[in-house]
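**Q** Provided below: my_file_24.pdb, containing PDB, C-alpha atoms.
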MODEL        1
ATOM      1  CA  MET A   1      16.073  12.664  -2.849  1.00  0.00           C
ATOM      2  CA  ARG A   2      12.289  12.546  -3.205  1.00  0.00           C
ATOM      3  CA  THR A   3      10.922   9.782  -1.015  1.00  0.00           C
ATOM      4  CA  GLY A   4       7.326   8.664  -0.682  1.00  0.00           C
ATOM      5  CA  ILE A   5       5.739   6.002   1.473  1.00  0.00           C
ATOM      6  CA  PHE A   6       2.845   3.703   0.624  1.00  0.00           C
ATOM      7  CA  VAL A   7       1.455   2.111   3.777  1.00  0.00           C
ATOM      8  CA  GLY A   8      -1.110  -0.549   4.590  1.00  0.00           C
ATOM      9  CA  SER A   9      -1.684  -3.957   6.073  1.00  0.00           C
ATOM     10  CA  PHE A  10      -1.594  -5.457   2.564  1.00  0.00           C
ATOM     11  CA  ASN A  11      -3.455  -8.566   3.658  1.00  0.00           C
ATOM     12  CA  PRO A  12      -3.062  -9.536   0.856  1.00  0.00           C
ATOM     13  CA  PHE A  13      -1.205  -7.194  -1.513  1.00  0.00           C
ATOM     14  CA  THR A  14      -3.483  -7.044  -4.572  1.00  0.00           C
ATOM     15  CA  ILE A  15      -3.171  -6.038  -8.210  1.00  0.00           C
ATOM     16  CA  GLY A  16      -4.804  -2.758  -7.168  1.00  0.00           C
ATOM     17  CA  HIS A  17      -1.936  -2.095  -4.728  1.00  0.00           C
ATOM     18  CA  ASP A  18       0.558  -3.039  -7.430  1.00  0.00           C
ATOM     19  CA  SER A  19      -1.078  -0.553  -9.802  1.00  0.00           C
ATOM     20  CA  ILE A  20      -0.669   2.241  -7.258  1.00  0.00           C
ATOM     21  CA  VAL A  21       3.006   1.354  -6.709  1.00  0.00           C
ATOM     22  CA  THR A  22       3.683   1.217 -10.455  1.00  0.00           C
ATOM     23  CA  ARG A  23       1.986   4.556 -11.057  1.00  0.00           C
ATOM     24  CA  ALA A  24       3.551   6.285  -8.018  1.00  0.00           C
ATOM     25  CA  LEU A  25       7.111   5.158  -8.686  1.00  0.00           C
ATOM     26  CA  PRO A  26       7.874   7.741 -11.427  1.00  0.00           C
ATOM     27  CA  LEU A  27       7.080  10.503  -8.906  1.00  0.00           C
ATOM     28  CA  PHE A  28       9.874   9.490  -6.536  1.00  0.00           C
ATOM     29  CA  ASP A  29      13.528   8.587  -6.353  1.00  0.00           C
ATOM     30  CA  ARG A  30      12.617   6.134  -3.604  1.00  0.00           C
ATOM     31  CA  LEU A  31       9.288   4.549  -2.633  1.00  0.00           C
ATOM     32  CA  VAL A  32       9.038   2.737   0.699  1.00  0.00           C
ATOM     33  CA  ILE A  33       6.184   0.280   1.081  1.00  0.00           C
ATOM     34  CA  GLY A  34       5.360   0.242   4.798  1.00  0.00           C
ATOM     35  CA  VAL A  35       3.668  -2.934   5.960  1.00  0.00           C
ATOM     36  CA  VAL A  36       1.713  -2.639   9.202  1.00  0.00           C
ATOM     37  CA  GLY A  37       3.555  -4.656  11.813  1.00  0.00           C
ATOM     38  CA  ASP A  38       2.257  -7.487  13.898  1.00  0.00           C
ATOM     39  CA  GLN A  39       0.598  -5.248  16.476  1.00  0.00           C
ATOM     40  CA  VAL A  40      -2.583  -5.256  14.378  1.00  0.00           C
ATOM     41  CA  HIS A  41      -4.677  -8.289  15.203  1.00  0.00           C
ATOM     42  CA  LYS A  42      -6.833  -9.294  12.275  1.00  0.00           C
ATOM     43  CA  PRO A  43      -8.151 -12.830  11.877  1.00  0.00           C
ATOM     44  CA  ASP A  44      -5.894 -15.105   9.856  1.00  0.00           C
ATOM     45  CA  MET A  45      -3.452 -12.304   9.012  1.00  0.00           C
ATOM     46  CA  PRO A  46      -0.040 -13.582   7.957  1.00  0.00           C
ATOM     47  CA  SER A  47       2.867 -12.170   9.942  1.00  0.00           C
ATOM     48  CA  ALA A  48       4.389  -8.868   8.882  1.00  0.00           C
ATOM     49  CA  GLU A  49       7.515 -10.796   7.900  1.00  0.00           C
ATOM     50  CA  GLU A  50       5.514 -13.004   5.490  1.00  0.00           C
ATOM     51  CA  ARG A  51       3.703 -10.034   3.939  1.00  0.00           C
ATOM     52  CA  ILE A  52       6.966  -8.072   3.603  1.00  0.00           C
ATOM     53  CA  LYS A  53       8.723 -10.996   1.921  1.00  0.00           C
ATOM     54  CA  ALA A  54       5.881 -11.505  -0.569  1.00  0.00           C
ATOM     55  CA  ILE A  55       5.884  -7.821  -1.555  1.00  0.00           C
ATOM     56  CA  ALA A  56       9.696  -7.529  -1.618  1.00  0.00           C
ATOM     57  CA  ASP A  57       9.841 -10.569  -3.931  1.00  0.00           C
ATOM     58  CA  LEU A  58       7.579  -8.755  -6.406  1.00  0.00           C
ATOM     59  CA  TYR A  59       9.896  -5.765  -6.616  1.00  0.00           C
ATOM     60  CA  HIS A  60      13.285  -7.392  -6.066  1.00  0.00           C
ATOM     61  CA  ASP A  61      14.528  -6.031  -9.425  1.00  0.00           C
ATOM     62  CA  GLU A  62      13.477  -2.444  -8.660  1.00  0.00           C
ATOM     63  CA  PRO A  63      16.142  -0.701  -6.529  1.00  0.00           C
ATOM     64  CA  ARG A  64      13.955   2.368  -5.898  1.00  0.00           C
ATOM     65  CA  ILE A  65      11.438   0.283  -3.917  1.00  0.00           C
ATOM     66  CA  GLU A  66      12.019  -0.815  -0.327  1.00  0.00           C
ATOM     67  CA  VAL A  67       9.601  -2.831   1.792  1.00  0.00           C
ATOM     68  CA  LYS A  68       9.697  -2.396   5.564  1.00  0.00           C
ATOM     69  CA  PRO A  69       7.506  -2.959   8.609  1.00  0.00           C
ATOM     70  CA  TYR A  70       6.057   0.038  10.352  1.00  0.00           C
ATOM     71  CA  TYR A  71       4.454   0.547  13.731  1.00  0.00           C
ATOM     72  CA  GLY A  72       2.396   3.478  14.925  1.00  0.00           C
ATOM     73  CA  LEU A  73       1.450   6.500  12.860  1.00  0.00           C
ATOM     74  CA  ALA A  74       2.175   6.726   9.153  1.00  0.00           C
ATOM     75  CA  VAL A  75       3.584  10.240   9.650  1.00  0.00           C
ATOM     76  CA  ASP A  76       6.109   8.896  12.160  1.00  0.00           C
ATOM     77  CA  PHE A  77       7.136   6.239   9.648  1.00  0.00           C
ATOM     78  CA  ALA A  78       7.388   8.926   6.946  1.00  0.00           C
ATOM     79  CA  ARG A  79       9.648  11.035   9.165  1.00  0.00           C
ATOM     80  CA  ALA A  80      11.843   8.014   9.971  1.00  0.00           C
ATOM     81  CA  GLU A  81      12.228   7.360   6.220  1.00  0.00           C
ATOM     82  CA  ASN A  82      12.819  11.071   5.407  1.00  0.00           C
ATOM     83  CA  ALA A  83       9.704  11.004   3.235  1.00  0.00           C
ATOM     84  CA  HIS A  84       7.682  14.112   2.491  1.00  0.00           C
ATOM     85  CA  PHE A  85       4.781  12.328   0.845  1.00  0.00           C
ATOM     86  CA  ILE A  86       2.316   9.571   1.716  1.00  0.00           C
ATOM     87  CA  VAL A  87       0.807   7.775  -1.287  1.00  0.00           C
ATOM     88  CA  LYS A  88      -2.712   6.388  -0.965  1.00  0.00           C
ATOM     89  CA  GLY A  89      -5.011   4.648  -3.405  1.00  0.00           C
ATOM     90  CA  VAL A  90      -8.659   5.663  -3.735  1.00  0.00           C
ATOM     91  CA  ARG A  91     -11.343   3.406  -5.276  1.00  0.00           C
ATOM     92  CA  SER A  92     -14.544   5.256  -4.423  1.00  0.00           C
ATOM     93  CA  VAL A  93     -16.121   8.360  -2.915  1.00  0.00           C
ATOM     94  CA  LYS A  94     -16.173   6.523   0.425  1.00  0.00           C
ATOM     95  CA  ASP A  95     -12.403   5.910   0.190  1.00  0.00           C
ATOM     96  CA  PHE A  96     -11.858   9.523  -0.873  1.00  0.00           C
ATOM     97  CA  GLU A  97     -13.655  10.970   2.152  1.00  0.00           C
ATOM     98  CA  TYR A  98     -11.743   8.721   4.556  1.00  0.00           C
ATOM     99  CA  GLU A  99      -8.381   9.462   2.939  1.00  0.00           C
ATOM    100  CA  ARG A 100      -9.103  13.206   2.731  1.00  0.00           C
ATOM    101  CA  GLU A 101      -9.703  13.325   6.483  1.00  0.00           C
ATOM    102  CA  GLN A 102      -6.544  11.302   7.146  1.00  0.00           C
ATOM    103  CA  ALA A 103      -4.536  13.574   4.834  1.00  0.00           C
ATOM    104  CA  ASP A 104      -5.777  16.687   6.654  1.00  0.00           C
ATOM    105  CA  ILE A 105      -4.794  15.301  10.058  1.00  0.00           C
ATOM    106  CA  ASN A 106      -1.439  14.020   8.802  1.00  0.00           C
ATOM    107  CA  ARG A 107      -0.638  17.448   7.319  1.00  0.00           C
ATOM    108  CA  GLN A 108      -1.646  19.163  10.582  1.00  0.00           C
ATOM    109  CA  LEU A 109       0.512  16.792  12.645  1.00  0.00           C
ATOM    110  CA  SER A 110       3.573  16.798  10.443  1.00  0.00           C
ATOM    111  CA  GLY A 111       3.351  18.949   7.329  1.00  0.00           C
ATOM    112  CA  ILE A 112       3.602  15.754   5.265  1.00  0.00           C
ATOM    113  CA  GLU A 113       1.452  15.818   2.145  1.00  0.00           C
ATOM    114  CA  THR A 114      -0.696  12.955   0.891  1.00  0.00           C
ATOM    115  CA  ILE A 115      -0.906  12.106  -2.782  1.00  0.00           C
ATOM    116  CA  LEU A 116      -4.125  10.348  -3.755  1.00  0.00           C
ATOM    117  CA  LEU A 117      -4.034   8.139  -6.817  1.00  0.00           C
ATOM    118  CA  TYR A 118      -7.373   7.013  -8.152  1.00  0.00           C
ATOM    119  CA  SER A 119      -7.828   3.358  -8.900  1.00  0.00           C
ATOM    120  CA  GLU A 120      -7.747   2.300 -12.492  1.00  0.00           C
ATOM    121  CA  PRO A 121     -11.357   1.426 -13.386  1.00  0.00           C
ATOM    122  CA  GLN A 122     -10.688  -2.298 -13.763  1.00  0.00           C
ATOM    123  CA  TYR A 123      -9.371  -2.419 -10.164  1.00  0.00           C
ATOM    124  CA  SER A 124     -12.027  -0.306  -8.447  1.00  0.00           C
ATOM    125  CA  SER A 125     -13.870  -3.318  -7.013  1.00  0.00           C
ATOM    126  CA  ILE A 126     -10.777  -5.159  -5.802  1.00  0.00           C
ATOM    127  CA  SER A 127      -9.939  -4.981  -2.117  1.00  0.00           C
ATOM    128  CA  SER A 128      -7.940  -7.127   0.254  1.00  0.00           C
ATOM    129  CA  THR A 129     -11.161  -7.794   2.160  1.00  0.00           C
ATOM    130  CA  MET A 130     -12.886  -9.068  -0.988  1.00  0.00           C
ATOM    131  CA  VAL A 131      -9.917 -11.291  -1.833  1.00  0.00           C
ATOM    132  CA  ARG A 132      -9.836 -12.755   1.692  1.00  0.00           C
ATOM    133  CA  GLU A 133     -13.564 -13.455   1.581  1.00  0.00           C
ATOM    134  CA  LEU A 134     -13.302 -15.218  -1.764  1.00  0.00           C
ATOM    135  CA  GLN A 135     -10.345 -17.261  -0.439  1.00  0.00           C
ATOM    136  CA  HIS A 136     -12.440 -18.214   2.596  1.00  0.00           C
ATOM    137  CA  PHE A 137     -14.995 -19.758   0.249  1.00  0.00           C
ATOM    138  CA  GLY A 138     -12.362 -21.626  -1.753  1.00  0.00           C
ATOM    139  CA  VAL A 139     -12.334 -19.395  -4.832  1.00  0.00           C
ATOM    140  CA  ASP A 140      -9.084 -19.165  -6.815  1.00  0.00           C
ATOM    141  CA  VAL A 141      -8.012 -15.531  -6.305  1.00  0.00           C
ATOM    142  CA  SER A 142      -4.806 -15.620  -8.352  1.00  0.00           C
ATOM    143  CA  GLN A 143      -6.270 -13.175 -10.893  1.00  0.00           C
ATOM    144  CA  TYR A 144      -6.438 -10.532  -8.117  1.00  0.00           C
ATOM    145  CA  LEU A 145      -2.849 -10.987  -6.958  1.00  0.00           C
ATOM    146  CA  PRO A 146       0.209  -9.558  -8.701  1.00  0.00           C
ATOM    147  CA  HIS A 147       2.841 -11.851 -10.129  1.00  0.00           C
ATOM    148  CA  LYS A 148       6.596 -11.434 -10.275  1.00  0.00           C
ATOM    149  CA  ARG A 149       7.810  -9.408 -13.185  1.00  0.00           C
ATOM    150  CA  ASN A 150      10.415 -10.765 -15.534  1.00  0.00           C
ATOM    151  CA  LYS A 151      12.869  -8.185 -16.783  1.00  0.00           C
TER     152      LYS A 151
ENDMDL
END
How would this structure read if it were set down as structure tokens?
**A**
Amino acid sequence: MRTGIFVGSFNPFTIGHDSIVTRALPLFDRLVIGVVGDQVHKPDMPSAEERIKAIADLYHDEPRIEVKPYYGLAVDFARAENAHFIVKGVRSVKDFEYEREQADINRQLSGIETILLYSEPQYSSISSTMVRELQHFGVDVSQYLPHKRNK
């Protein structure tokens, strides 16, 4: 079984994240979305349980997707899930350089490969940070958040 993991704090999970999940899913028999657990202290971050529930609700009709908390290194989470691939989204050259370095270290530590998926152009400016900042100023951010799919 080909298993990949897609990890992040997902605070919040955006339409850009959803695009990566949708595009990565055909590559795997199973895709585990790993939500950083509550050990990360970011201002106003919902609990891991709340973030997991919101993401799991989006994909409740897709049996190949699981949503779980993870703690520690992504490679340790990948090993625990019997995954051989880490999926990451890249919006810019800055993201690419950061993710390339992470991928090199992860491969050295574990042999686990990283698959980089480039953002679709219409999502390249969308980040969780941007969405949180807009929310802070009272802007309706619903256009940047994925909605449940109806099958």
**Q** Evaluate the PyMOL selection byres ((chain A and resi 126) around 10) here and jot the selected residues down as a PyMOL selection string.
**A** chain A and resi 14-17+91+119+122-125+127-131+144-145
**Q** Identify, on the basis of all atoms listed in the file, every residue whose closest approach to segment 57-61 of chain A does not exceed 8 Å; exclude the query and any residue fewer than 2 positions from it along the same chain; express the result as a ChimeraX atom specification.
**A** /A:53-55,63,65,146-149,151
**Q** Determine, counting all atoms listed in the file, which protein, DNA and RNA residues have an atom within 12 Å of an atom of Glu81 of chain A; residues of the same chain fewer than 5 positions away are not included. Present the result as an MDAnalysis selection string.
**A** chainID A and resid 1:6 30:34 66:70 74:76 86
**Q** Considering all atoms listed in the file, can you say which of A:Val87, A:Phe10, A:Gly138, A:Thr114 comes closest to Met45 of chain A?
**A**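 Smallest distance to Met45 of chain A is found for A:Phe10.
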**Q** Hey, can you check how far atom CA of Ser19 of chain A sits from atom CA of Glu120 of chain A?
**A**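 Result for atom CA of Ser19 of chain A versus atom CA of Glu120 of chain A: 7.7 Å, one decimal.
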**Q** One number please: atom CA of Val93 of chain A to atom CA of Tyr71 of chain A, in Å, one decimal.
**A**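 One can read the atom CA of Val93 of chain A to atom CA of Tyr71 of chain A distance as 27.6 Å.
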**Q** One decimal, Å: what's the distance from atom CA of Asp18 of chain A over to atom CA of Ala78 of chain A, could you say?
**A**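 One can read the atom CA of Asp18 of chain A to atom CA of Ala78 of chain A distance as 19.9 Å.
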**Q** Between A:Asn106, A:Phe96, A:Glu49, A:Asn11, which has the minimum distance to Leu73 of chain A (counting all atoms listed in the file)?
**A**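 That would be A:Asn106, the residue with the smallest distance to Leu73 of chain A.
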**Q** Could you check which of A:Tyr118, A:Leu25, A:Ile52, A:Val139 is closest to Val90 of chain A, using only C-alpha atoms?
**A**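 For Val90 of chain A, the nearest of the given residues is A:Tyr118.
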**Q** Taking 3 positions as the minimum chain separation for residues in the same chain, which residues sit within 7 Å of Glu113 of chain A when counting only C-alpha atoms? Answer as a list in words.
**A**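 Within the cut-off, the hits are His84, Phe85, Ile86, Ala103 and Arg107 of chain A.
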**Q** Which residues are near Ser9 of chain A? Cut-off 9 Å, all atoms listed in the file, ignore same chain within fewer than 4 positions. Put them as a list in words.
**A** Phe13, Gly34, Val35, Val36, Gly37, Val40, Ala48 and Arg51 of chain A
**Q** Could you write out that same residue set with C-alpha atoms as a JSON list (two decimals), in the coordinates of the input?
**A**
[["chain", "number", "residue", "atom", "x", "y", "z"],
["A", 13, "PHE", "CA", -1.20, -7.19, -1.51],
["A", 34, "GLY", "CA", 5.36, 0.24, 4.80],
["A", 35, "VAL", "CA", 3.67, -2.93, 5.96],
["A", 36, "VAL", "CA", 1.71, -2.64, 9.20],
["A", 37, "GLY", "CA", 3.56, -4.66, 11.81],
["A", 40, "VAL", "CA", -2.58, -5.26, 14.38],
["A", 48, "ALA", "CA", 4.39, -8.87, 8.88],
["A", 51, "ARG", "CA", 3.70, -10.03, 3.94]]
**Q** Point out the residue among A:Ser110, A:His136, A:Gln102, A:Pro46 with the least atom-to-atom distance to Asn82 of chain A, counting all atoms listed in the file.
**A**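 For Asn82 of chain A, the nearest of the given residues is A:Ser110.
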